[in-house]
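What's in start.txt: compact mmCIF, C-alpha atoms
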```
# COMPACT_ATOMS: atom_id res chain seq x y z
CA MET W 170 66.95 195.38 96.91
CA LYS W 171 63.52 194.37 98.16
CA HIS W 172 60.28 196.10 97.27
CA THR W 173 56.99 195.64 99.12
CA ILE W 174 53.43 196.76 98.57
CA ALA W 175 50.37 196.38 100.75
CA THR W 176 47.06 195.31 99.27
CA LYS W 177 43.66 194.32 100.53
CA VAL W 178 41.68 191.25 99.49
CA TYR W 179 38.43 192.40 97.91
CA TYR W 180 35.32 190.42 97.03
CA GLU W 181 36.45 190.18 93.38
CA ASP W 182 39.66 188.42 94.56
CA THR W 183 37.82 185.57 96.28
CA ASP W 184 35.82 182.48 95.50
CA ALA W 185 32.26 181.90 96.75
CA GLY W 186 33.57 180.98 100.20
CA GLY W 187 35.52 184.21 100.72
CA VAL W 188 38.91 182.55 100.18
CA MET W 189 41.35 184.33 97.89
CA TYR W 190 41.25 182.67 94.45
CA HIS W 191 44.59 181.30 93.19
CA ALA W 192 44.78 183.65 90.17
CA SER W 193 44.50 186.66 92.50
CA HIS W 194 47.87 185.75 94.00
CA ILE W 195 49.43 186.07 90.55
CA ARG W 196 47.72 189.45 89.93
CA PHE W 197 48.98 190.80 93.26
CA MET W 198 52.50 189.62 92.40
CA GLU W 199 52.24 191.32 88.99
CA ARG W 200 51.44 194.63 90.67
CA SER W 201 54.43 194.28 92.97
CA ARG W 202 56.74 193.38 90.04
CA THR W 203 55.55 196.42 88.08
CA GLU W 204 56.29 198.74 91.00
CA PHE W 205 59.65 197.00 91.56
CA ILE W 206 60.65 197.68 87.94
CA ASP W 207 59.24 201.22 88.04
CA GLN W 208 61.64 202.14 90.84
CA LEU W 209 64.70 201.16 88.75
CA GLY W 210 64.92 204.39 86.77
CA THR W 211 62.56 203.53 83.92
CA THR W 212 58.92 202.60 84.18
CA VAL W 213 57.09 199.74 82.54
CA ALA W 214 54.97 202.39 80.78
CA GLU W 215 58.09 204.10 79.37
CA LEU W 216 59.45 200.79 78.13
CA GLN W 217 56.13 200.02 76.46
CA LYS W 218 56.10 203.43 74.71
CA ASN W 219 59.48 202.42 73.24
CA GLY W 220 58.12 199.08 72.00
CA LEU W 221 59.60 196.98 74.83
CA PHE W 222 57.60 194.60 76.99
CA PHE W 223 58.36 192.37 79.96
CA ILE W 224 56.93 188.88 79.54
CA VAL W 225 56.64 186.11 82.09
CA THR W 226 58.60 183.09 80.89
CA HIS W 227 58.25 180.85 83.96
CA ILE W 228 56.35 180.69 87.25
CA ASP W 229 56.86 178.36 90.22
CA ILE W 230 54.29 179.15 92.89
CA TYR W 231 53.51 177.51 96.20
CA TYR W 232 50.32 178.27 98.11
CA ARG W 233 51.12 177.98 101.82
CA ALA W 234 48.06 179.35 103.66
CA PRO W 235 44.69 180.79 102.68
CA ALA W 236 43.97 184.50 102.52
CA TYR W 237 40.44 185.76 103.11
CA LEU W 238 38.11 188.53 102.10
CA GLY W 239 39.15 191.69 103.95
CA ASP W 240 42.72 190.56 104.73
CA THR W 241 45.52 193.07 104.29
CA LEU W 242 48.47 191.42 102.61
CA THR W 243 52.06 192.39 101.94
CA VAL W 244 53.60 191.42 98.61
CA SER W 245 57.39 191.51 98.37
CA THR W 246 59.62 191.29 95.32
CA GLU W 247 63.38 190.85 95.13
CA ILE W 248 65.94 189.60 92.63
CA ALA W 249 66.73 185.89 92.84
CA GLU W 250 68.89 185.76 89.67
CA LEU W 251 69.90 188.39 87.14
CA LYS W 252 70.94 187.59 83.58
CA LYS W 253 71.49 189.83 80.55
CA VAL W 254 68.05 189.19 79.01
CA SER W 255 66.02 187.98 81.98
CA MET W 256 65.64 188.11 85.72
CA SER W 257 64.16 185.69 88.20
CA LEU W 258 62.31 187.30 91.06
CA LYS W 259 61.45 185.86 94.44
CA GLN W 260 58.01 186.99 95.49
CA GLU W 261 56.13 186.40 98.71
CA ILE W 262 52.65 187.22 99.90
CA THR W 263 52.27 187.44 103.67
CA ARG W 264 49.51 188.24 106.12
CA GLY W 265 51.32 189.47 109.20
CA ASP W 266 53.82 186.71 110.02
CA THR W 267 51.95 184.09 107.96
CA LEU W 268 53.38 183.14 104.57
CA VAL W 269 50.40 182.90 102.21
CA ALA W 270 52.25 182.18 98.95
CA GLU W 271 55.76 182.24 97.55
CA ALA W 272 56.91 182.18 93.96
CA THR W 273 59.89 182.43 91.70
CA ILE W 274 58.90 184.22 88.53
CA THR W 275 61.19 184.70 85.54
CA ILE W 276 60.61 187.67 83.27
CA ALA W 277 62.37 188.71 80.07
CA LEU W 278 62.36 191.82 77.95
CA THR W 279 61.12 191.60 74.36
CA ASP W 280 60.43 193.90 71.44
CA LYS W 281 57.64 191.47 70.37
CA GLU W 282 59.98 189.67 67.97
CA ARG W 283 62.89 188.54 70.11
CA LEU W 284 64.27 188.70 73.61
CA ILE W 285 66.59 191.65 74.12
CA ARG W 286 69.17 192.69 76.69
CA LEU W 287 67.93 194.39 79.81
CA PRO W 288 68.73 198.13 79.72
CA ALA W 289 72.08 199.05 81.27
CA GLY W 290 70.31 201.35 83.73
CA ILE W 291 68.21 198.50 85.11
CA LEU W 292 71.20 196.15 85.27
CA SER W 293 73.32 198.73 87.11
CA GLN W 294 70.50 199.46 89.59
CA LEU W 295 70.35 195.73 90.35
CA GLY W 296 74.12 195.28 90.55
CA GLY W 297 74.47 193.34 87.28
CA ALA W 298 76.90 193.86 84.45
CA GLY W 299 75.73 196.35 81.82
```

Whole structure given in structure tokens:
Amino acid sequence: MKHTIATKVYYEDTDAGGVMYHASHIRFMERSRTEFIDQLGTTVAELQKNGLFFIVTHIDIYYRAPAYLGDTLTVSTEIAELKKVSMSLKQEITRGDTLVAEATITIALTDKERLIRLPAGILSQLGGAG
């Protein structure tokens, strides 16, 4: 399952030279991850109302090409590895056929005190064992 969103690079996303600032890549990927999770039968907002939160436990990111003010980018998210309490996601930002950045980001579910198992509904949507 692959999820994509389109987004535009605004002035606030760039440095003084109009090049997309490195932290903006991470924000764009966060938006795509949130929408990816939201399509799995429970939303991030619903989980939060129940005292559950996804946290980022690891990021490996590679910046491949610059993005510029005004560019329209596509951000994709898909499962790289699924475990009972975490998932690693492969994310890419592209501008047309140009790979701008790629990352593997691991997230886990927590109740603020400990890591907990991913809900059975999410695991089944992703093809994992519940």

(message) If we count all atoms listed in the file and set the cut-off at 6 Å, which residues sit around Thr243 in chain W, ignoring sequence neighbours fewer than 2 positions away in its own chain? Please answer as a ChimeraX atom specification.
(response) /W:174-175,262-263

(message) Restricting the calculation to all atoms listed in the file: of W:Glu261, W:Glu247, W:Asp266, W:Glu271, which residue gets closest to Glu204 in chain W?
(response)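 Among W:Glu261, W:Glu247, W:Asp266, W:Glu271, it is W:Glu247 that comes nearest to Glu204 in chain W.
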
(request) Would you mind telling me which residue in W:Lys281, W:Lys218, W:Arg233, W:His227 lies nearest to Arg264 in chain W when using all atoms listed in the file? (result)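 Nearest candidate to Arg264 in chain W out of W:Lys281, W:Lys218, W:Arg233, W:His227: W:Arg233.
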
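Taking CA of Val254 in chain W as the reference point, CA of Arg283 in chain W is found at 10.3 Å.
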
Could you name the residues that touch range 192-202 of chain W at 7 Å or less, counting all atoms listed in the file, but leaving out those on the same chain fewer than 6 positions away, as a PDB file with C-alpha atoms, in the frame of the given file?
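out-v8.pdb was written with the following content:
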```
ATOM      1  CA  THR W 173      56.990 195.640  99.120  1.00  0.00           C
ATOM      2  CA  ILE W 174      53.430 196.760  98.570  1.00  0.00           C
ATOM      3  CA  ASP W 182      39.660 188.420  94.560  1.00  0.00           C
ATOM      4  CA  VAL W 244      53.600 191.420  98.610  1.00  0.00           C
ATOM      5  CA  SER W 245      57.390 191.510  98.370  1.00  0.00           C
ATOM      6  CA  THR W 246      59.620 191.290  95.320  1.00  0.00           C
ATOM      7  CA  GLN W 260      58.010 186.990  95.490  1.00  0.00           C
TER       8      GLN W 260
END
```

Mind checking which residues fall within 8 Å of Ala234 in chain W, counting only C-alpha atoms, ignoring those fewer than 4 positions away in the same chain, and posting them as a short mmCIF file (atom, residue, chain, number, x, y, z; two decimals) with C-alpha atoms, in the frame of the given file?
```cif
data_model
loop_
_atom_site.label_atom_id
_atom_site.label_comp_id
_atom_site.auth_asym_id
_atom_site.auth_seq_id
_atom_site.Cartn_x
_atom_site.Cartn_y
_atom_site.Cartn_z
CA THR W 267 51.95 184.09 107.96
CA LEU W 268 53.38 183.14 104.57
CA VAL W 269 50.40 182.90 102.21
CA ALA W 270 52.25 182.18 98.95
#
```

(request) Tell me, as a VMD selection string, which residues lie within 12 Å of Arg286 in chain W, counting all atoms listed in the file; anything in the same chain fewer than 4 positions away does not count. (result) chain W and resid 221 to 223 251 to 256 276 to 280 290 to 292 297 to 299

(request) Measure the distance from CA of Ile230 in chain W to CA of Leu242 in chain W in Å and round it to one decimal. (result)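 Here the two named atoms are 16.7 Å from each other.
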
(message) Considering all atoms listed in the file, can you say which of W:Gln294, W:Thr176, W:Thr273, W:Thr183 comes closest to Pro235 in chain W?
(response)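 Result for the nearest residue to Pro235 in chain W: W:Thr183.
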
(message) Can you tell me which residues surround Gly239 in chain W at a distance of at most 7 Å, considering only C-alpha atoms, apart from same-chain residues fewer than 3 positions away, and format the answer as number ranges by chain?
(response) W: 177-179

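Our summary of the geometry notes that CA of Asn219 in chain W is positioned 13.4 Å from CA of Leu287 in chain W.
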
Around all the atoms of range 258-262 of chain W listed in the file, with 3 Å of room on each side, what axis-aligned box do you get, giving centre and edge lengths in Å to one decimal, as JSON?
```
{"center_x": 57.5, "center_y": 186.6, "center_z": 95.5, "size_x": 15.7, "size_y": 7.4, "size_z": 14.8}
```

(request) Can you work out which one of W:Ile274, W:Glu282, W:Thr211, W:Phe205 has the shortest atom-to-atom distance to Ile228 in chain W, counting only C-alpha atoms? (result)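 Using only C-alpha atoms, Ile228 in chain W sits closest to W:Ile274.
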
(request) Check the smallest atom-to-atom distance from each of W:Lys171, W:Thr203, W:Leu209, W:Tyr237 to Ser293 in chain W using only C-alpha atoms, then report the winner. (result) W:Leu209
